[in-house]
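Q: This is the structure, below, for whatever I ask next.
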Amino acid sequence: MDDMRRIRLEKIENLRRFGVEPYADQYIRSHQAQEIIDGFDTLEGQNAQIAGRIMSKRDQGKVIFMHIQDFSGQIQIYIKRDEIGADWFDHVSAFDVGDIVGVDGKVFRTRRGEISVHTEEIRILSKSLRPLPEKFHGLTDVDLRYRRRYLDLMMNPEVKEVFVTRSKIIKAMREFLDERGFLEVETPTLHAIAGGAAARPFITHHNTLDLDLYLRIALELPLKRLIVGGFDRVYEIGRNFRNEGISVKHNPEFTMMELYQAFANYEDIMRLTEEMIAGIVEQVHGALELTYQEETISFALPWKRAQMLDLIAEHAGVDFRAIHSDEEAARTAQEKGLAAPEGMTRGQLINEFFEQYVEPKLIQPTFVIGYPVEISPLAKRNARQPEFTDRFEVFVYGRELGNAFSELNDPIDQRGRFTKQMAERAKGDEEAHRLDEDFLTALEYGLPPTGGLGIGIDRLVMLLTDAPSIRDVILFPTMRPRDDAEEE
């Protein structure tokens with residue numbers, strides 16, 4: 001690498017001695033590569049100015065062929081010594097794969113039938129000091145692809161398409177919500193109290209105020225304050241930060257969409273959820289059925305609705321409707337060999353059974369209803385079964401895609417739930433909710449009946465791009481540091 005870099009540095013000096021600055025500040029393009037290919041019938045014989053990175057080069061003595069890649073794709077350029085001059089042709093011969101160039105020439109088709117640009121003028125716009133990796137697509141070090149995403153994007157066009165699709169998904173989601181009267185808002189990333197989810201936060205410090213602050217773990221509580229303030233329908237698409245492990249499903253920094261609708265309940269939000277996601281799938285994918293990791297998934301409406309207790313009975317063979325105490329639930333877990341921390345309540349054990357036995361089986365879009373109060377501290381109790389809440393989670397391919405509920409708007413009940421969560425924190429549960437006095441004050445002024453929803457954007461993108469890992473759909477995922485020498 002050092003020898004190659006030294007050679008390229010010498011080429012820079014040669015260009016400058018020739019009066020050429022190898023790092024330009026502007027180039028005006030008339031077309032992108034794919035525009036020329038798609039519009040060849042109209043553009044043949046006309047001049048075009050393109051710019052991009054040299055991805056391949058064939059020097060045949062008096063003629064040079066290169067492939068230039070821009071955001072839209074690649075196109076061939078043809079350079080003839082007699083036409084651009086011997087001195088400049090010698091400099092062009094010294095251009096390297098990886099250099100960024102601007103080309104002015106006529107659109108034509110070669111004798112072999114390839115649409116190309118017959119170069120009349122070529123400029124170097126940015127000299128590359130490092131060679132592009134060879135056969136990068138076959139590189140087995142996936143870790144390096146995530147670390148140097150710019151190389152991944154450069155060498156693998158299908159990776160770029162993932163992030164183009166991601167942008168389309170978010171745009172379609174915004175359009176859906178905007179058309180239904182939702183207002184997009186922005187709320188703080190730094191919180192005095194980390195709330196809205198069961199998660200461990202990242203901690204930072206504000207020097208002037210001498211105050212510890214938390215990167216937000218959820219968007220929920222500030223958005224519900226806005227509903228208290230009189231907004232009817234709000235949503236936010238933003239980054240959340242959770243100090244947790246890294247896996248194919250989790251990244252410490254991830255994107256969520258949360259929405260809140262006044263005078264609605266979780267059933268209203270359920271209908272909105274399936275309509276929104278199905279609409280996004282059809283708009284972006286072109287059909288309501290797709291293949292994810294070789295599994296055919298249909299987003300056609302309506303989606304399945306199922307009670308959590310019924311699913312546990314079906315897949316685990318345990319009927320929690322016949323189990324009424326924490327002690328009975330604990331004995332059942334022990335008999336099933338379920339690894340669960342000592343002292344868990346019946347509601348918590350119901351969730352453990354669900355995660356262990358049911359989640360992996362939920363391949364088709366499924367709304368799971370009836371979550372215990374103990375694991376739903378911000379959700380409204382069910383009127384007929386107060387030990388459960390009016391909450392659902394939506395699962396696809398065995399993964400939670402969204403979480404929603406009728407929001408708890410009883411400030412007395414909410415204070416009691418927060419108090420129990422603080423007791424759990426005192427026992428060592430660092431992910432239990434903190435008591436947020438300002439949020440309780442807001443509730444005491446009156447939160448109208450409200451339905452809320454959170455959707456994991458990254459997981460939705462995974463589904464629509466057939467990505468096996470969340471790191472495939474985050475441009476710069478969190479990675480363990482490595483030495484530069486280790487990466488070469």
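Naming scheme: A, B, ... for chains in displayed order of the structure tokens; residues 1 onward per chain; ligands 1 onward as shown.
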Let's see if you can do this: from backbone DSSP, list all strand (DSSP E or B) residues in range 96-181 of chain A, as a list in words.

A: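 DSSP-assigned strand (DSSP E or B) residues in range 96-181 of chain A: Ile100, Val101, Gly102, Val103, Asp104, Gly105, Lys106, Val107, Phe108, Arg109, Ile115, Ser116, Val117, His118, Thr119, Glu120, Glu121, Ile122, Arg123, Ile124, Leu125 and Ser126 of chain A.
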
Q: Need to verify the contact set: Val373 in chain A, 9 Å, only C-alpha atoms, exclusion of same-chain residues closer than 5 positions in sequence. Can you return it as a PDB file with N, CA and C atoms, in the first residue's frame?

A:
```pdb
ATOM      1  N   GLY A 347     -47.291 -11.936  35.109  1.00  0.00           N
ATOM      2  CA  GLY A 347     -47.289 -11.167  33.871  1.00  0.00           C
ATOM      3  C   GLY A 347     -45.940 -11.187  33.179  1.00  0.00           C
ATOM      4  N   GLN A 348     -44.882 -11.073  33.950  1.00  0.00           N
ATOM      5  CA  GLN A 348     -43.546 -11.116  33.359  1.00  0.00           C
ATOM      6  C   GLN A 348     -43.236 -12.492  32.778  1.00  0.00           C
ATOM      7  N   LEU A 378     -46.951   2.115  30.317  1.00  0.00           N
ATOM      8  CA  LEU A 378     -47.523   3.332  29.748  1.00  0.00           C
ATOM      9  C   LEU A 378     -48.827   3.082  29.005  1.00  0.00           C
ATOM     10  N   ALA A 379     -49.324   1.836  29.071  1.00  0.00           N
ATOM     11  CA  ALA A 379     -50.517   1.462  28.309  1.00  0.00           C
ATOM     12  C   ALA A 379     -51.756   1.424  29.201  1.00  0.00           C
ATOM     13  N   LYS A 380     -52.899   1.712  28.605  1.00  0.00           N
ATOM     14  CA  LYS A 380     -54.173   1.732  29.333  1.00  0.00           C
ATOM     15  C   LYS A 380     -54.615   0.309  29.661  1.00  0.00           C
ATOM     16  N   ARG A 381     -55.147   0.120  30.851  1.00  0.00           N
ATOM     17  CA  ARG A 381     -55.663  -1.192  31.251  1.00  0.00           C
ATOM     18  C   ARG A 381     -56.886  -1.563  30.413  1.00  0.00           C
ATOM     19  N   PRO A 386     -58.366  -6.076  33.857  1.00  0.00           N
ATOM     20  CA  PRO A 386     -57.438  -4.997  34.227  1.00  0.00           C
ATOM     21  C   PRO A 386     -55.998  -5.439  34.462  1.00  0.00           C
ATOM     22  N   GLU A 387     -55.742  -6.756  34.521  1.00  0.00           N
ATOM     23  CA  GLU A 387     -54.342  -7.199  34.639  1.00  0.00           C
ATOM     24  C   GLU A 387     -53.644  -7.196  33.278  1.00  0.00           C
ATOM     25  N   PHE A 388     -54.427  -6.922  32.220  1.00  0.00           N
ATOM     26  CA  PHE A 388     -53.877  -6.807  30.870  1.00  0.00           C
ATOM     27  C   PHE A 388     -54.141  -5.399  30.336  1.00  0.00           C
ATOM     28  N   THR A 389     -53.487  -5.080  29.222  1.00  0.00           N
ATOM     29  CA  THR A 389     -53.606  -3.734  28.668  1.00  0.00           C
ATOM     30  C   THR A 389     -54.153  -3.773  27.243  1.00  0.00           C
ATOM     31  N   ARG A 417     -47.856   3.062  38.500  1.00  0.00           N
ATOM     32  CA  ARG A 417     -47.018   2.204  37.639  1.00  0.00           C
ATOM     33  C   ARG A 417     -45.559   2.642  37.703  1.00  0.00           C
TER      34      ARG A 417
END
```

Q: Which one of A:Asp458, A:Glu114, A:Glu44, A:Asp472 sits closest to Glu253 in chain A if you count only C-alpha atoms?

A: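 Looking at the shortest contact to Glu253 in chain A, the residue is A:Asp458.
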
Q: Quick one: everything within 10 Å of Gly102 in chain A, counting only C-alpha atoms, minus sequence neighbours fewer than 3 positions away in the same chain. Send it as JSON, numbers by chain.

A: {"A": [24, 26, 27, 28, 29, 49, 50, 51, 52, 53, 68, 121, 122, 123, 124, 125, 126]}

Q: Limited to N, CA and C atoms, could you put the picked residues into a file as a PDB file, in the first residue's frame?

A:
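Just written: selection25.pdb:
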```pdb
ATOM      1  N   ALA A  24     -10.154  19.385  -8.319  1.00  0.00           N
ATOM      2  CA  ALA A  24     -10.961  20.479  -8.856  1.00  0.00           C
ATOM      3  C   ALA A  24     -12.005  20.927  -7.839  1.00  0.00           C
ATOM      4  N   GLN A  26     -15.113  22.229  -9.101  1.00  0.00           N
ATOM      5  CA  GLN A  26     -16.440  22.200  -9.717  1.00  0.00           C
ATOM      6  C   GLN A  26     -16.360  21.507 -11.065  1.00  0.00           C
ATOM      7  N   TYR A  27     -17.466  20.883 -11.447  1.00  0.00           N
ATOM      8  CA  TYR A  27     -17.595  20.371 -12.816  1.00  0.00           C
ATOM      9  C   TYR A  27     -19.079  20.356 -13.149  1.00  0.00           C
ATOM     10  N   ILE A  28     -19.437  20.958 -14.252  1.00  0.00           N
ATOM     11  CA  ILE A  28     -20.841  21.030 -14.656  1.00  0.00           C
ATOM     12  C   ILE A  28     -21.162  19.827 -15.538  1.00  0.00           C
ATOM     13  N   ARG A  29     -22.117  19.015 -15.081  1.00  0.00           N
ATOM     14  CA  ARG A  29     -22.528  17.839 -15.847  1.00  0.00           C
ATOM     15  C   ARG A  29     -23.831  18.119 -16.587  1.00  0.00           C
ATOM     16  N   GLN A  49     -21.705  15.944 -21.085  1.00  0.00           N
ATOM     17  CA  GLN A  49     -20.671  16.107 -20.060  1.00  0.00           C
ATOM     18  C   GLN A  49     -21.048  15.226 -18.877  1.00  0.00           C
ATOM     19  N   ILE A  50     -20.182  14.272 -18.565  1.00  0.00           N
ATOM     20  CA  ILE A  50     -20.429  13.363 -17.453  1.00  0.00           C
ATOM     21  C   ILE A  50     -19.249  13.425 -16.488  1.00  0.00           C
ATOM     22  N   ALA A  51     -19.454  12.939 -15.293  1.00  0.00           N
ATOM     23  CA  ALA A  51     -18.379  12.885 -14.304  1.00  0.00           C
ATOM     24  C   ALA A  51     -18.596  11.679 -13.413  1.00  0.00           C
ATOM     25  N   GLY A  52     -17.500  11.072 -13.000  1.00  0.00           N
ATOM     26  CA  GLY A  52     -17.610   9.924 -12.111  1.00  0.00           C
ATOM     27  C   GLY A  52     -16.251   9.302 -11.836  1.00  0.00           C
ATOM     28  N   ARG A  53     -16.298   8.160 -11.208  1.00  0.00           N
ATOM     29  CA  ARG A  53     -15.079   7.461 -10.797  1.00  0.00           C
ATOM     30  C   ARG A  53     -14.681   6.429 -11.849  1.00  0.00           C
ATOM     31  N   ILE A  68     -16.765   4.689 -16.421  1.00  0.00           N
ATOM     32  CA  ILE A  68     -16.952   5.744 -15.431  1.00  0.00           C
ATOM     33  C   ILE A  68     -18.249   5.474 -14.672  1.00  0.00           C
ATOM     34  N   GLU A 121     -12.690  15.932 -24.437  1.00  0.00           N
ATOM     35  CA  GLU A 121     -11.920  16.567 -23.355  1.00  0.00           C
ATOM     36  C   GLU A 121     -12.140  15.769 -22.081  1.00  0.00           C
ATOM     37  N   ILE A 122     -11.063  15.548 -21.319  1.00  0.00           N
ATOM     38  CA  ILE A 122     -11.172  14.840 -20.047  1.00  0.00           C
ATOM     39  C   ILE A 122     -10.361  15.589 -19.002  1.00  0.00           C
ATOM     40  N   ARG A 123     -10.946  15.763 -17.838  1.00  0.00           N
ATOM     41  CA  ARG A 123     -10.294  16.471 -16.720  1.00  0.00           C
ATOM     42  C   ARG A 123     -10.247  15.560 -15.511  1.00  0.00           C
ATOM     43  N   ILE A 124      -9.160  15.655 -14.777  1.00  0.00           N
ATOM     44  CA  ILE A 124      -9.135  14.955 -13.497  1.00  0.00           C
ATOM     45  C   ILE A 124      -9.751  15.866 -12.452  1.00  0.00           C
ATOM     46  N   LEU A 125     -10.673  15.320 -11.660  1.00  0.00           N
ATOM     47  CA  LEU A 125     -11.392  16.104 -10.649  1.00  0.00           C
ATOM     48  C   LEU A 125     -10.935  15.770  -9.233  1.00  0.00           C
ATOM     49  N   SER A 126     -10.494  14.531  -9.026  1.00  0.00           N
ATOM     50  CA  SER A 126      -9.982  14.135  -7.714  1.00  0.00           C
ATOM     51  C   SER A 126      -9.091  12.912  -7.889  1.00  0.00           C
TER      52      SER A 126
END
```

Q: Any chance you could list, as an mmCIF file with C-alpha atoms, in the first residue's frame, the residues in range 254-424 of chain A that come up helix (DSSP H, G or I) when DSSP is run on the backbone?

A:
```cif
data_model
loop_
_atom_site.group_PDB
_atom_site.id
_atom_site.type_symbol
_atom_site.label_atom_id
_atom_site.label_comp_id
_atom_site.auth_asym_id
_atom_site.auth_seq_id
_atom_site.Cartn_x
_atom_site.Cartn_y
_atom_site.Cartn_z
ATOM 1 C CA TYR A 266 -55.373 0.910 19.947
ATOM 2 C CA GLU A 267 -57.934 -0.635 17.574
ATOM 3 C CA ASP A 268 -57.919 2.566 15.485
ATOM 4 C CA ILE A 269 -54.131 2.456 15.472
ATOM 5 C CA MET A 270 -54.155 -1.212 14.472
ATOM 6 C CA ARG A 271 -56.134 -0.387 11.336
ATOM 7 C CA LEU A 272 -53.876 2.553 10.584
ATOM 8 C CA THR A 273 -50.766 0.364 11.044
ATOM 9 C CA GLU A 274 -51.771 -2.340 8.593
ATOM 10 C CA GLU A 275 -52.978 0.191 6.039
ATOM 11 C CA MET A 276 -49.762 2.202 6.315
ATOM 12 C CA ILE A 277 -47.312 -0.700 6.111
ATOM 13 C CA ALA A 278 -49.252 -2.505 3.389
ATOM 14 C CA GLY A 279 -49.398 0.747 1.431
ATOM 15 C CA ILE A 280 -45.652 1.292 1.808
ATOM 16 C CA VAL A 281 -44.900 -2.281 0.740
ATOM 17 C CA GLU A 282 -47.075 -1.968 -2.357
ATOM 18 C CA GLN A 283 -45.737 1.482 -3.279
ATOM 19 C CA VAL A 284 -42.055 0.614 -2.818
ATOM 20 C CA HIS A 285 -42.053 -3.085 -3.744
ATOM 21 C CA MET A 308 -51.044 -13.479 23.592
ATOM 22 C CA LEU A 309 -52.478 -16.116 25.957
ATOM 23 C CA ASP A 310 -54.013 -18.055 23.070
ATOM 24 C CA LEU A 311 -50.710 -18.098 21.202
ATOM 25 C CA ILE A 312 -48.850 -19.346 24.290
ATOM 26 C CA ALA A 313 -51.398 -22.114 24.751
ATOM 27 C CA GLU A 314 -51.025 -23.075 21.083
ATOM 28 C CA HIS A 315 -47.232 -23.072 20.871
ATOM 29 C CA ALA A 316 -46.107 -23.785 24.449
ATOM 30 C CA PHE A 320 -52.194 -19.078 31.673
ATOM 31 C CA ARG A 321 -55.899 -18.504 32.088
ATOM 32 C CA ALA A 322 -55.779 -21.409 34.539
ATOM 33 C CA ASP A 326 -46.959 -15.727 40.576
ATOM 34 C CA GLU A 327 -46.014 -18.949 42.361
ATOM 35 C CA GLU A 328 -48.006 -21.138 39.939
ATOM 36 C CA ALA A 329 -46.472 -19.330 36.989
ATOM 37 C CA ALA A 330 -42.953 -19.798 38.379
ATOM 38 C CA ARG A 331 -43.543 -23.557 38.937
ATOM 39 C CA THR A 332 -44.832 -23.905 35.368
ATOM 40 C CA ALA A 333 -41.766 -22.134 34.012
ATOM 41 C CA GLN A 334 -39.527 -24.435 36.034
ATOM 42 C CA GLU A 335 -41.363 -27.521 34.781
ATOM 43 C CA ARG A 346 -47.098 -13.977 36.406
ATOM 44 C CA GLY A 347 -47.289 -11.167 33.871
ATOM 45 C CA GLN A 348 -43.546 -11.116 33.359
ATOM 46 C CA LEU A 349 -43.458 -14.892 32.959
ATOM 47 C CA ILE A 350 -46.268 -14.729 30.396
ATOM 48 C CA ASN A 351 -43.995 -12.480 28.360
ATOM 49 C CA GLU A 352 -41.040 -14.861 28.838
ATOM 50 C CA PHE A 353 -43.117 -17.757 27.521
ATOM 51 C CA PHE A 354 -44.261 -15.640 24.599
ATOM 52 C CA GLU A 355 -40.730 -14.603 23.614
ATOM 53 C CA GLN A 356 -39.395 -18.135 23.939
ATOM 54 C CA TYR A 357 -42.149 -20.188 22.313
ATOM 55 C CA VAL A 358 -44.226 -17.873 20.148
ATOM 56 C CA GLU A 359 -42.230 -15.010 18.604
ATOM 57 C CA PRO A 360 -40.146 -17.172 16.233
ATOM 58 C CA LYS A 361 -43.372 -18.726 14.831
ATOM 59 C CA VAL A 373 -49.692 -4.605 32.832
ATOM 60 C CA GLU A 374 -46.298 -5.403 34.390
ATOM 61 C CA ILE A 375 -44.542 -5.095 31.023
ATOM 62 C CA PRO A 411 -52.388 10.222 36.139
ATOM 63 C CA ILE A 412 -53.068 8.321 39.367
ATOM 64 C CA ASP A 413 -52.641 4.925 37.715
ATOM 65 C CA GLN A 414 -49.554 6.202 35.845
ATOM 66 C CA ARG A 415 -47.919 7.367 39.085
ATOM 67 C CA GLY A 416 -48.584 3.975 40.619
ATOM 68 C CA ARG A 417 -47.018 2.204 37.639
ATOM 69 C CA PHE A 418 -43.958 4.462 37.750
ATOM 70 C CA THR A 419 -43.619 3.775 41.463
ATOM 71 C CA LYS A 420 -43.605 0.024 40.835
ATOM 72 C CA GLN A 421 -41.028 0.518 38.086
ATOM 73 C CA MET A 422 -38.816 2.449 40.496
ATOM 74 C CA ALA A 423 -39.099 -0.458 42.933
ATOM 75 C CA GLU A 424 -37.852 -2.739 40.148
#
```

Q: Set the distance at 7 Å and use only C-alpha atoms: which residues neighbour Lys80 in chain A once local chain neighbours fewer than 5 positions away are removed? I'd like the list as a VMD selection string.

A: chain A and resid 62 to 64

Q: Got time to write the residues from that selection, N, CA and C atoms, as a PDB file, in the first residue's frame?

A:
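The resulting result.pdb:
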```
ATOM      1  N   LYS A  62      -2.769   3.538 -28.426  1.00  0.00           N
ATOM      2  CA  LYS A  62      -3.249   4.808 -28.965  1.00  0.00           C
ATOM      3  C   LYS A  62      -4.710   5.077 -28.612  1.00  0.00           C
ATOM      4  N   VAL A  63      -5.306   4.107 -27.954  1.00  0.00           N
ATOM      5  CA  VAL A  63      -6.713   4.231 -27.547  1.00  0.00           C
ATOM      6  C   VAL A  63      -6.843   3.723 -26.112  1.00  0.00           C
ATOM      7  N   ILE A  64      -7.657   4.421 -25.324  1.00  0.00           N
ATOM      8  CA  ILE A  64      -7.947   3.997 -23.943  1.00  0.00           C
ATOM      9  C   ILE A  64      -9.453   3.870 -23.784  1.00  0.00           C
TER      10      ILE A  64
END
```

Q: Determine, counting only C-alpha atoms, which protein, DNA and RNA residues have an atom within 12 Å of an atom of Thr296 in chain A; residues of the same chain fewer than 3 positions away are not included. Present the result as a PyMOL selection string.

A: chain A and resi 288-293+299+363-365+396-397+463-464+466

Q: With C-alpha atoms retained, could you export that selection as a PDB file, in the first residue's frame?

A:
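See result06.pdb below for the written result:
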```
ATOM      1  CA  LEU A 288     -48.251  -6.913  -1.410  1.00  0.00           C
ATOM      2  CA  GLU A 289     -46.302 -10.171  -1.413  1.00  0.00           C
ATOM      3  CA  LEU A 290     -42.540 -10.385  -1.053  1.00  0.00           C
ATOM      4  CA  THR A 291     -39.845 -12.913  -0.264  1.00  0.00           C
ATOM      5  CA  TYR A 292     -37.732 -12.352   2.821  1.00  0.00           C
ATOM      6  CA  GLN A 293     -34.900 -14.791   3.504  1.00  0.00           C
ATOM      7  CA  PHE A 299     -49.057  -8.047   3.563  1.00  0.00           C
ATOM      8  CA  ILE A 363     -43.850 -15.272  10.171  1.00  0.00           C
ATOM      9  CA  GLN A 364     -46.866 -13.639   8.510  1.00  0.00           C
ATOM     10  CA  PRO A 365     -47.903 -10.154   9.726  1.00  0.00           C
ATOM     11  CA  VAL A 396     -43.308 -10.230  10.887  1.00  0.00           C
ATOM     12  CA  TYR A 397     -40.777 -13.021  10.326  1.00  0.00           C
ATOM     13  CA  LEU A 463     -38.011  -6.700   5.162  1.00  0.00           C
ATOM     14  CA  LEU A 464     -38.289  -4.724   1.928  1.00  0.00           C
ATOM     15  CA  ASP A 466     -34.258  -8.847   2.036  1.00  0.00           C
TER      16      ASP A 466
END
```

Q: Within 10 Å of Arg305 in chain A, counting only C-alpha atoms, which residues show up once you throw out same-chain ones fewer than 6 positions away? Write them as a PyMOL selection string, please.

A: chain A and resi 270+365-369+392+394

Q: To one decimal place, how far is CA of Leu453 in chain A from CA of Thr345 in chain A in Å?

A: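 Pair CA of Leu453 in chain A / CA of Thr345 in chain A returns 26.1 Å.
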
Q: Report as a compact mmCIF listing (two decimals) with C-alpha atoms, in the first residue's frame all protein, DNA and RNA residues lying within 7 Å of range 188-192 of chain A, evaluated on only C-alpha atoms, omitting residues in the same chain fewer than 3 positions from it.

A:
```txt
# COMPACT_ATOMS: atom_id res chain seq x y z
CA LEU A 213 -28.30 14.11 30.49
CA TYR A 214 -29.43 11.02 28.56
CA LEU A 215 -29.62 10.34 24.86
CA ARG A 216 -33.27 9.52 24.27
```

Q: Would you work out the distance separating CA of Ala467 in chain A from CA of Val162 in chain A, expressed in Å to one decimal?

A: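 Going from CA of Ala467 in chain A over to CA of Val162 in chain A, I get 8.5 Å.
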
Q: Which is closest to Met344 in chain A among A:Asp38, A:Glu175, A:Glu258, A:Asp429, if we use only C-alpha atoms?

A: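 Selected residue with least distance to Met344 in chain A: A:Asp429.
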